[in-house]
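Asks: The file below is data-v9.cif, mmCIF, C-alpha atoms:
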```
data_entry
loop_
_atom_site.group_PDB
_atom_site.id
_atom_site.type_symbol
_atom_site.label_atom_id
_atom_site.label_comp_id
_atom_site.auth_asym_id
_atom_site.auth_seq_id
_atom_site.Cartn_x
_atom_site.Cartn_y
_atom_site.Cartn_z
ATOM 1 C CA MET A 1 -0.853 5.991 10.720
ATOM 2 C CA ARG A 2 -0.951 2.203 10.866
ATOM 3 C CA ILE A 3 -4.056 1.558 8.784
ATOM 4 C CA SER A 4 -5.738 -1.813 8.513
ATOM 5 C CA ILE A 5 -5.473 -3.065 4.952
ATOM 6 C CA LEU A 6 -8.683 -5.031 5.273
ATOM 7 C CA LEU A 7 -10.553 -1.895 6.360
ATOM 8 C CA LEU A 8 -9.109 0.041 3.447
ATOM 9 C CA LEU A 9 -10.121 -2.625 0.956
ATOM 10 C CA GLY A 10 -13.550 -2.733 2.531
ATOM 11 C CA MET A 11 -13.983 0.986 1.934
ATOM 12 C CA PHE A 12 -13.172 0.481 -1.754
ATOM 13 C CA LEU A 13 -15.480 -2.468 -2.267
ATOM 14 C CA VAL A 14 -18.647 -1.200 -0.607
ATOM 15 C CA VAL A 15 -19.254 1.700 -2.992
ATOM 16 C CA THR A 16 -22.788 0.957 -4.152
ATOM 17 C CA LYS A 17 -23.476 0.473 -7.839
ATOM 18 C CA PRO A 18 -26.595 2.445 -8.787
ATOM 19 C CA GLN A 19 -29.646 1.033 -10.500
ATOM 20 C CA TRP A 20 -29.824 2.748 -13.897
ATOM 21 C CA VAL A 21 -33.195 4.175 -14.922
ATOM 22 C CA ALA A 22 -34.542 5.828 -18.019
ATOM 23 C CA ALA A 23 -32.828 9.087 -18.909
ATOM 24 C CA THR A 24 -34.576 12.250 -17.713
ATOM 25 C CA SER A 25 -34.518 15.379 -19.863
ATOM 26 C CA LEU A 26 -32.352 18.090 -18.341
ATOM 27 C CA GLU A 27 -33.454 20.859 -20.689
ATOM 28 C CA GLY A 28 -33.300 24.235 -18.941
ATOM 29 C CA LYS A 29 -31.396 22.760 -15.981
ATOM 30 C CA THR A 30 -27.978 23.764 -14.652
ATOM 31 C CA ILE A 31 -25.554 21.121 -13.405
ATOM 32 C CA LYS A 32 -22.902 22.311 -10.965
ATOM 33 C CA ILE A 33 -19.444 20.758 -10.610
ATOM 34 C CA VAL A 34 -18.097 21.532 -7.141
ATOM 35 C CA VAL A 35 -14.290 21.533 -7.056
ATOM 36 C CA GLY A 36 -12.652 21.082 -3.676
ATOM 37 C CA PHE A 37 -9.673 23.259 -4.576
ATOM 38 C CA THR A 38 -8.857 26.709 -5.963
ATOM 39 C CA SER A 39 -8.811 27.623 -9.649
ATOM 40 C CA GLY A 40 -5.748 26.910 -11.742
ATOM 41 C CA GLY A 41 -4.991 23.442 -10.416
ATOM 42 C CA PHE A 42 -5.641 20.155 -12.214
ATOM 43 C CA TYR A 43 -8.892 19.447 -10.376
ATOM 44 C CA ASP A 44 -10.174 22.806 -11.585
ATOM 45 C CA ARG A 45 -8.793 22.438 -15.118
ATOM 46 C CA TRP A 46 -10.283 18.988 -15.616
ATOM 47 C CA SER A 47 -13.643 20.184 -14.269
ATOM 48 C CA ARG A 48 -13.768 23.113 -16.677
ATOM 49 C CA LEU A 49 -12.777 20.947 -19.625
ATOM 50 C CA LEU A 50 -15.458 18.390 -18.758
ATOM 51 C CA ALA A 51 -18.039 21.161 -18.302
ATOM 52 C CA ARG A 52 -17.512 22.082 -21.947
ATOM 53 C CA PHE A 53 -18.191 18.597 -23.281
ATOM 54 C CA VAL A 54 -20.474 16.691 -20.892
ATOM 55 C CA PRO A 55 -23.677 18.676 -21.698
ATOM 56 C CA LYS A 56 -23.453 17.523 -25.341
ATOM 57 C CA TYR A 57 -24.029 13.956 -24.153
ATOM 58 C CA LEU A 58 -26.929 14.719 -21.811
ATOM 59 C CA PRO A 59 -30.624 14.760 -22.756
ATOM 60 C CA GLY A 60 -31.772 18.360 -23.067
ATOM 61 C CA ASN A 61 -28.225 19.785 -23.359
ATOM 62 C CA PRO A 62 -28.215 21.470 -19.910
ATOM 63 C CA GLU A 63 -25.834 24.193 -18.801
ATOM 64 C CA MET A 64 -22.866 23.059 -16.683
ATOM 65 C CA VAL A 65 -20.939 25.408 -14.396
ATOM 66 C CA VAL A 66 -17.941 25.006 -12.095
ATOM 67 C CA GLN A 67 -17.891 26.236 -8.495
ATOM 68 C CA ASN A 68 -14.644 26.243 -6.523
ATOM 69 C CA MET A 69 -15.121 25.344 -2.861
ATOM 70 C CA PRO A 70 -11.581 25.028 -1.449
ATOM 71 C CA GLY A 71 -10.620 24.083 2.074
ATOM 72 C CA ALA A 72 -9.234 21.236 4.184
ATOM 73 C CA GLY A 73 -7.933 19.267 1.212
ATOM 74 C CA GLY A 74 -11.376 18.950 -0.362
ATOM 75 C CA LEU A 75 -13.158 18.002 2.856
ATOM 76 C CA ILE A 76 -15.405 21.089 2.765
ATOM 77 C CA ALA A 77 -16.557 20.234 -0.762
ATOM 78 C CA ALA A 78 -17.170 16.606 0.220
ATOM 79 C CA ASN A 79 -19.237 17.676 3.236
ATOM 80 C CA HIS A 80 -21.229 20.006 0.988
ATOM 81 C CA ILE A 81 -21.983 17.399 -1.658
ATOM 82 C CA TYR A 82 -23.108 14.938 1.012
ATOM 83 C CA SER A 83 -24.945 17.101 3.532
ATOM 84 C CA VAL A 84 -26.071 20.265 1.723
ATOM 85 C CA ALA A 85 -26.501 19.588 -2.006
ATOM 86 C CA LYS A 86 -29.949 18.425 -3.073
ATOM 87 C CA PRO A 87 -30.059 14.777 -4.224
ATOM 88 C CA ASP A 88 -31.497 15.725 -7.604
ATOM 89 C CA GLY A 89 -28.574 14.807 -9.842
ATOM 90 C CA LEU A 90 -27.679 18.436 -10.539
ATOM 91 C CA THR A 91 -24.617 18.688 -8.266
ATOM 92 C CA ILE A 92 -21.399 16.794 -9.008
ATOM 93 C CA ALA A 93 -18.100 17.089 -7.147
ATOM 94 C CA MET A 94 -14.497 16.678 -8.240
ATOM 95 C CA LEU A 95 -12.901 15.178 -5.136
ATOM 96 C CA SER A 96 -9.540 13.915 -3.934
ATOM 97 C CA TYR A 97 -9.296 10.133 -3.699
ATOM 98 C CA GLY A 98 -7.669 10.531 -0.251
ATOM 99 C CA LEU A 99 -10.954 11.636 1.339
ATOM 100 C CA TYR A 100 -11.723 8.092 2.446
ATOM 101 C CA LEU A 101 -8.751 8.229 4.831
ATOM 102 C CA ASP A 102 -10.233 11.108 6.835
ATOM 103 C CA GLN A 103 -13.399 9.074 7.287
ATOM 104 C CA LEU A 104 -11.460 5.925 8.092
ATOM 105 C CA VAL A 105 -9.449 7.491 10.904
ATOM 106 C CA GLY A 106 -12.572 9.128 12.321
ATOM 107 C CA ARG A 107 -11.839 12.836 11.928
ATOM 108 C CA LYS A 108 -14.613 14.768 13.640
ATOM 109 C CA GLU A 109 -14.888 17.237 10.744
ATOM 110 C CA VAL A 110 -16.085 14.513 8.350
ATOM 111 C CA GLN A 111 -19.804 14.712 7.615
ATOM 112 C CA TYR A 112 -19.830 12.406 4.578
ATOM 113 C CA ASP A 113 -19.846 8.661 4.039
ATOM 114 C CA VAL A 114 -17.901 7.619 0.948
ATOM 115 C CA ARG A 115 -19.949 4.423 0.764
ATOM 116 C CA LYS A 116 -23.122 6.451 0.148
ATOM 117 C CA LEU A 117 -21.814 8.605 -2.664
ATOM 118 C CA HIS A 118 -22.562 7.753 -6.256
ATOM 119 C CA TRP A 119 -19.063 7.458 -7.761
ATOM 120 C CA ILE A 120 -19.061 8.245 -11.466
ATOM 121 C CA GLY A 121 -15.439 7.910 -12.559
ATOM 122 C CA SER A 122 -12.074 9.545 -13.048
ATOM 123 C CA PRO A 123 -10.660 11.156 -16.205
ATOM 124 C CA GLU A 124 -7.111 9.972 -15.529
ATOM 125 C CA LYS A 125 -4.733 7.683 -13.684
ATOM 126 C CA SER A 126 -1.639 9.182 -12.137
ATOM 127 C CA ASP A 127 0.945 8.104 -9.578
ATOM 128 C CA VAL A 128 2.302 10.395 -6.890
ATOM 129 C CA LEU A 129 5.711 12.008 -6.547
ATOM 130 C CA MET A 130 7.511 14.351 -4.188
ATOM 131 C CA TYR A 131 9.488 17.347 -5.377
ATOM 132 C CA MET A 132 11.996 19.380 -3.372
ATOM 133 C CA ARG A 133 13.640 22.729 -4.062
ATOM 134 C CA SER A 134 17.049 22.083 -5.624
ATOM 135 C CA ASP A 135 18.762 24.584 -3.343
ATOM 136 C CA SER A 136 17.650 22.713 -0.216
ATOM 137 C CA PRO A 137 20.028 20.280 1.543
ATOM 138 C CA TYR A 138 17.615 17.377 0.951
ATOM 139 C CA LYS A 139 18.658 15.522 -2.198
ATOM 140 C CA THR A 140 17.390 12.064 -1.228
ATOM 141 C CA ILE A 141 15.018 10.450 1.255
ATOM 142 C CA GLU A 142 18.108 9.406 3.216
ATOM 143 C CA ASP A 143 19.036 13.086 3.582
ATOM 144 C CA ILE A 144 15.616 13.725 5.119
ATOM 145 C CA ARG A 145 16.042 10.797 7.519
ATOM 146 C CA ASN A 146 19.441 12.034 8.674
ATOM 147 C CA ALA A 147 18.536 15.729 8.944
ATOM 148 C CA SER A 148 18.391 17.440 12.327
ATOM 149 C CA THR A 149 15.735 19.801 10.957
ATOM 150 C CA PRO A 150 12.973 18.271 8.812
ATOM 151 C CA PRO A 151 11.935 19.906 5.529
ATOM 152 C CA LYS A 152 8.694 21.857 5.363
ATOM 153 C CA CYS A 153 6.128 20.582 2.871
ATOM 154 C CA GLY A 154 2.913 22.428 2.016
ATOM 155 C CA SER A 155 -0.474 20.743 2.145
ATOM 156 C CA THR A 156 -4.112 21.572 1.486
ATOM 157 C CA GLY A 157 -5.395 19.319 4.263
ATOM 158 C CA THR A 158 -5.311 15.863 5.780
ATOM 159 C CA ALA A 159 -7.007 14.311 2.731
ATOM 160 C CA GLY A 160 -4.531 15.846 0.293
ATOM 161 C CA THR A 161 -1.926 13.837 -1.589
ATOM 162 C CA ASP A 162 0.779 16.016 -0.029
ATOM 163 C CA TYR A 163 -0.258 15.208 3.546
ATOM 164 C CA ILE A 164 -0.862 11.513 2.900
ATOM 165 C CA LEU A 165 2.522 11.048 1.214
ATOM 166 C CA ALA A 166 4.366 12.855 4.025
ATOM 167 C CA ARG A 167 2.744 10.687 6.700
ATOM 168 C CA LEU A 168 3.430 7.565 4.652
ATOM 169 C CA LEU A 169 7.143 8.412 4.416
ATOM 170 C CA GLU A 170 7.295 9.016 8.157
ATOM 171 C CA ASP A 171 5.619 5.716 8.994
ATOM 172 C CA THR A 172 7.430 3.493 6.514
ATOM 173 C CA LEU A 173 10.873 5.122 6.174
ATOM 174 C CA ASP A 174 11.181 7.246 9.333
ATOM 175 C CA ALA A 175 11.618 10.331 7.137
ATOM 176 C CA LYS A 176 10.400 13.241 9.267
ATOM 177 C CA ILE A 177 8.553 15.980 7.390
ATOM 178 C CA GLU A 178 6.997 19.119 8.849
ATOM 179 C CA THR A 179 3.675 19.585 7.077
ATOM 180 C CA VAL A 180 2.297 23.110 6.790
ATOM 181 C CA LEU A 181 -1.475 22.761 6.488
ATOM 182 C CA GLY A 182 -4.099 25.203 5.276
ATOM 183 C CA TYR A 183 -3.195 26.107 1.698
ATOM 184 C CA PRO A 184 -6.437 26.411 -0.319
ATOM 185 C CA GLY A 185 -5.004 24.679 -3.396
ATOM 186 C CA GLY A 186 -1.949 23.289 -5.111
ATOM 187 C CA SER A 187 -1.186 26.522 -6.937
ATOM 188 C CA GLU A 188 -0.870 28.305 -3.601
ATOM 189 C CA ILE A 189 1.557 25.651 -2.352
ATOM 190 C CA ASP A 190 3.672 26.051 -5.498
ATOM 191 C CA LEU A 191 3.771 29.816 -4.933
ATOM 192 C CA ALA A 192 4.860 29.201 -1.338
ATOM 193 C CA VAL A 193 7.672 26.988 -2.646
ATOM 194 C CA GLU A 194 8.834 29.778 -4.939
ATOM 195 C CA LYS A 195 8.789 32.240 -2.034
ATOM 196 C CA GLY A 196 10.717 29.847 0.204
ATOM 197 C CA GLU A 197 7.913 29.426 2.755
ATOM 198 C CA VAL A 198 8.075 25.665 2.216
ATOM 199 C CA GLN A 199 10.567 23.493 0.378
ATOM 200 C CA CYS A 200 8.580 20.560 -0.920
ATOM 201 C CA ARG A 201 5.269 19.152 -1.976
ATOM 202 C CA GLY A 202 3.751 15.761 -2.722
ATOM 203 C CA LEU A 203 1.330 15.571 -5.646
ATOM 204 C CA THR A 204 0.246 13.407 -8.545
ATOM 205 C CA ALA A 205 2.530 13.275 -11.555
ATOM 206 C CA ALA A 206 -0.069 14.632 -14.006
ATOM 207 C CA PRO A 207 0.130 18.320 -13.031
ATOM 208 C CA PHE A 208 3.895 18.122 -12.530
ATOM 209 C CA PHE A 209 4.330 17.225 -16.192
ATOM 210 C CA GLY A 210 1.311 19.087 -17.544
ATOM 211 C CA ARG A 211 1.219 22.684 -16.306
ATOM 212 C CA GLU A 212 3.138 25.680 -15.058
ATOM 213 C CA PRO A 213 5.093 26.445 -12.991
ATOM 214 C CA PHE A 214 6.466 22.927 -13.259
ATOM 215 C CA ILE A 215 7.337 23.092 -16.954
ATOM 216 C CA SER A 216 9.508 26.161 -16.339
ATOM 217 C CA TRP A 217 10.841 24.783 -13.058
ATOM 218 C CA ARG A 218 12.088 21.626 -14.744
ATOM 219 C CA LYS A 219 13.819 23.606 -17.494
ATOM 220 C CA ARG A 220 15.827 25.614 -14.966
ATOM 221 C CA ASN A 221 16.254 22.775 -12.453
ATOM 222 C CA PHE A 222 14.436 24.678 -9.730
ATOM 223 C CA VAL A 223 13.216 21.435 -8.131
ATOM 224 C CA ASN A 224 14.302 17.810 -7.887
ATOM 225 C CA VAL A 225 11.946 14.843 -7.716
ATOM 226 C CA LEU A 226 12.994 12.749 -4.719
ATOM 227 C CA LEU A 227 10.739 9.765 -5.276
ATOM 228 C CA TYR A 228 8.041 8.397 -7.553
ATOM 229 C CA GLY A 229 5.099 6.333 -6.310
ATOM 230 C CA GLY A 230 4.660 4.121 -9.365
ATOM 231 C CA LEU A 231 5.616 0.485 -9.645
ATOM 232 C CA ARG A 232 8.254 1.381 -12.253
ATOM 233 C CA ARG A 233 10.347 4.472 -12.883
ATOM 234 C CA ASP A 234 8.827 7.186 -15.023
ATOM 235 C CA PRO A 235 10.893 7.672 -18.214
ATOM 236 C CA ARG A 236 10.455 11.446 -17.909
ATOM 237 C CA ILE A 237 12.417 11.369 -14.631
ATOM 238 C CA PRO A 238 14.623 8.297 -15.204
ATOM 239 C CA ASP A 239 17.011 9.071 -12.330
ATOM 240 C CA THR A 240 14.245 9.247 -9.729
ATOM 241 C CA PRO A 241 13.810 6.015 -7.734
ATOM 242 C CA THR A 242 10.409 4.545 -7.028
ATOM 243 C CA ILE A 243 9.323 4.272 -3.427
ATOM 244 C CA TYR A 244 9.483 0.500 -3.851
ATOM 245 C CA GLU A 245 13.166 0.690 -4.769
ATOM 246 C CA ILE A 246 13.735 2.707 -1.600
ATOM 247 C CA PHE A 247 11.799 0.092 0.370
ATOM 248 C CA ASP A 248 14.097 -2.600 -1.013
ATOM 249 C CA LYS A 249 17.210 -0.611 -0.116
ATOM 250 C CA GLU A 250 15.980 0.117 3.418
ATOM 251 C CA LYS A 251 14.582 -3.402 3.935
ATOM 252 C CA THR A 252 11.177 -2.008 4.828
ATOM 253 C CA SER A 253 8.858 -4.485 6.571
ATOM 254 C CA GLU A 254 6.198 -6.351 4.636
ATOM 255 C CA GLU A 255 3.448 -4.777 6.753
ATOM 256 C CA SER A 256 4.594 -1.264 5.870
ATOM 257 C CA ARG A 257 4.892 -2.187 2.196
ATOM 258 C CA ARG A 258 1.320 -3.444 2.127
ATOM 259 C CA VAL A 259 -0.041 -0.303 3.768
ATOM 260 C CA ALA A 260 1.928 1.822 1.296
ATOM 261 C CA ASP A 261 0.733 -0.238 -1.641
ATOM 262 C CA VAL A 262 -2.944 0.102 -0.744
ATOM 263 C CA ILE A 263 -2.630 3.868 -0.283
ATOM 264 C CA LEU A 264 -0.468 4.527 -3.346
ATOM 265 C CA ARG A 265 -2.492 2.335 -5.671
ATOM 266 C CA GLY A 266 -5.560 4.479 -4.998
ATOM 267 C CA GLY A 267 -4.478 6.535 -7.988
ATOM 268 C CA ASP A 268 -4.927 3.502 -10.240
ATOM 269 C CA PHE A 269 -8.694 3.867 -10.170
ATOM 270 C CA CYS A 270 -9.691 7.290 -8.871
ATOM 271 C CA THR A 271 -7.154 10.077 -9.003
ATOM 272 C CA ARG A 272 -9.713 12.851 -9.560
ATOM 273 C CA THR A 273 -13.171 11.481 -8.996
ATOM 274 C CA ALA A 274 -16.555 12.827 -9.956
ATOM 275 C CA ALA A 275 -19.243 11.960 -7.441
ATOM 276 C CA GLY A 276 -22.706 12.888 -6.293
ATOM 277 C CA PRO A 277 -25.168 11.913 -3.567
ATOM 278 C CA LEU A 278 -26.318 8.330 -3.938
ATOM 279 C CA ALA A 279 -29.928 9.560 -3.970
ATOM 280 C CA VAL A 280 -29.413 11.043 -7.422
ATOM 281 C CA VAL A 281 -30.367 7.631 -8.764
ATOM 282 C CA GLY A 282 -33.838 7.867 -10.255
ATOM 283 C CA SER A 283 -33.908 11.690 -10.307
ATOM 284 C CA GLY A 284 -31.489 12.794 -12.979
ATOM 285 C CA GLY A 285 -28.277 11.336 -11.592
ATOM 286 C CA PRO A 286 -28.003 8.446 -14.041
ATOM 287 C CA SER A 287 -28.298 10.869 -16.949
ATOM 288 C CA SER A 288 -25.472 12.989 -15.541
ATOM 289 C CA ALA A 289 -23.353 9.911 -14.951
ATOM 290 C CA ARG A 290 -23.941 8.696 -18.517
ATOM 291 C CA GLY A 291 -22.799 12.046 -19.829
ATOM 292 C CA PHE A 292 -19.506 11.815 -17.933
ATOM 293 C CA ILE A 293 -18.971 8.221 -19.030
ATOM 294 C CA GLU A 294 -19.533 9.097 -22.686
ATOM 295 C CA VAL A 295 -17.076 11.978 -22.415
ATOM 296 C CA PHE A 296 -14.465 9.728 -20.795
ATOM 297 C CA ARG A 297 -14.833 7.441 -23.820
ATOM 298 C CA SER A 298 -14.666 10.290 -26.317
ATOM 299 C CA SER A 299 -11.622 10.774 -28.542
ATOM 300 C CA ARG A 300 -12.358 14.518 -28.505
ATOM 301 C CA ILE A 301 -11.633 14.801 -24.788
ATOM 302 C CA ASP A 302 -8.492 12.687 -25.263
ATOM 303 C CA SER A 303 -7.233 15.005 -28.001
ATOM 304 C CA ARG A 304 -7.906 18.134 -25.914
ATOM 305 C CA ALA A 305 -6.122 16.625 -22.922
ATOM 306 C CA SER A 306 -3.203 15.468 -25.076
ATOM 307 C CA ARG A 307 -2.757 18.967 -26.470
ATOM 308 C CA ARG A 308 -2.362 20.130 -22.876
ATOM 309 C CA GLN A 309 0.021 17.229 -22.174
ATOM 310 C CA TRP A 310 -2.430 15.783 -19.644
ATOM 311 C CA PRO A 311 -2.595 11.994 -19.106
ATOM 312 C CA THR A 312 -5.883 10.202 -19.789
#
```
Take the structure in the file and give it back as structure tokens.

Replies:
Amino acid sequence: MRISILLLLGMFLVVTKPQWVAATSLEGKTIKIVVGFTSGGFYDRWSRLLARFVPKYLPGNPEMVVQNMPGAGGLIAANHIYSVAKPDGLTIAMLSYGLYLDQLVGRKEVQYDVRKLHWIGSPEKSDVLMYMRSDSPYKTIEDIRNASTPPKCGSTGTAGTDYILARLLEDTLDAKIETVLGYPGGSEIDLAVEKGEVQCRGLTAAPFFGREPFISWRKRNFVNVLLYGGLRRDPRIPDTPTIYEIFDKEKTSEESRRVADVILRGGDFCTRTAAGPLAVVGSGGPSSARGFIEVFRSSRIDSRASRRQWPT
């Protein structure tokens, strides 16, 4: 997966900024948040928390509901929001930031164009990490490189953090990982890890430190974190090296470092993104977007997230 950095940057920069118009009353309307994953995960939890608060900031105080539409790492939800949902501002999606990669590499299943979606924002920033069952023989990335049999990592789809991180490690560090695709959500992957179907998973740090089963897993040392994708070590896992430290140790090429940096830094601006069809502009979309923006600024949402130990 040798991806052109200029193409990647181009995909980020061409997202169109909408022309804001006067707010339209949404009284009696229902706004739907489509979540590309199953219930129980962080995409779902954030969506349900936002659904409680966003209507208070919208004209007419509309109802807001959450619909889970799992499959292919969020690709099914992205196709729906782009090709099926009406461009009336009443359908929002909580999507994975890795969806642009599926479009970039030309996967035939992609029916959306990320440049023509109206991107609203993200409630958090979070770097990625990879955990591994503690009873597996893989204690470091070097162990994976030297293994005759690669570890099995679960993944929701080719746009998922788990899949992207596995391919990145293969391309930059020659660490072979067998990816098991098709899990509908992160919670299902975690259950598969407990059952021993797979041994590892890549994900953002927020759920790993903010929900079960990870809280219990960490207490009983059920998993180890092999690497962290941030620029600096996370104080909550001080013994875990960053991927950049591993790059330094392995003398990874500058080209590979740049590709990794562009992909990993995606979490700096859009870990879990709310988006809608670009055509929502002028027909209710700006009002919906304003509501999300006001909630993101609200201390109330920060306090609720903090109580759940979620980053904001």

Asks: Expanded to explicit residues, what is the PyMOL selection byres ((chain A and resi 179-189) around 7) for this file, as a PyMOL selection string?

Replies: chain A and resi 37-38+40-41+70-72+152-157+163+177-178+190-193

Asks: Could you list, as a list of chain:residue names, every residue within 8 Å of Gly230 in chain A, counting all atoms listed in the file and ignoring same-chain residues fewer than 3 positions away?

Replies: A:Asp127, A:Val128, A:Arg233, A:Asp234, A:Thr242, A:Ile243, A:Leu264

Asks: For Thr149 in chain A, find every residue with an atom within 12 Å (counting only C-alpha atoms), except residues of its own chain fewer than 6 positions away, and show them as a ChimeraX atom specification.

Replies: /A:136-138,143,175-178

Asks: Using only C-alpha atoms, pick whichever of A:Ile141, A:Val262, A:Ile76, A:Val223 has the shortest atom-to-atom distance to Phe247 in chain A.

Replies: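 Using only C-alpha atoms, Phe247 in chain A sits closest to A:Ile141.
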
Asks: Output the residue selection produced by the PyMOL selection byres ((chain A and resi 82) around 6) on the file above, formatted as a list in words.

Replies: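 Selected by the PyMOL selection byres ((chain A and resi 82) around 6) in this file: Asn79, His80, Ile81, Ser83, Tyr112 and Pro277 of chain A.
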
Asks: Kindly resolve the PyMOL selection byres ((chain A and resi 240) around 9) on the present coordinates and return the residues as a ChimeraX atom specification.

Replies: /A:224-228,233-234,237-239,241-242
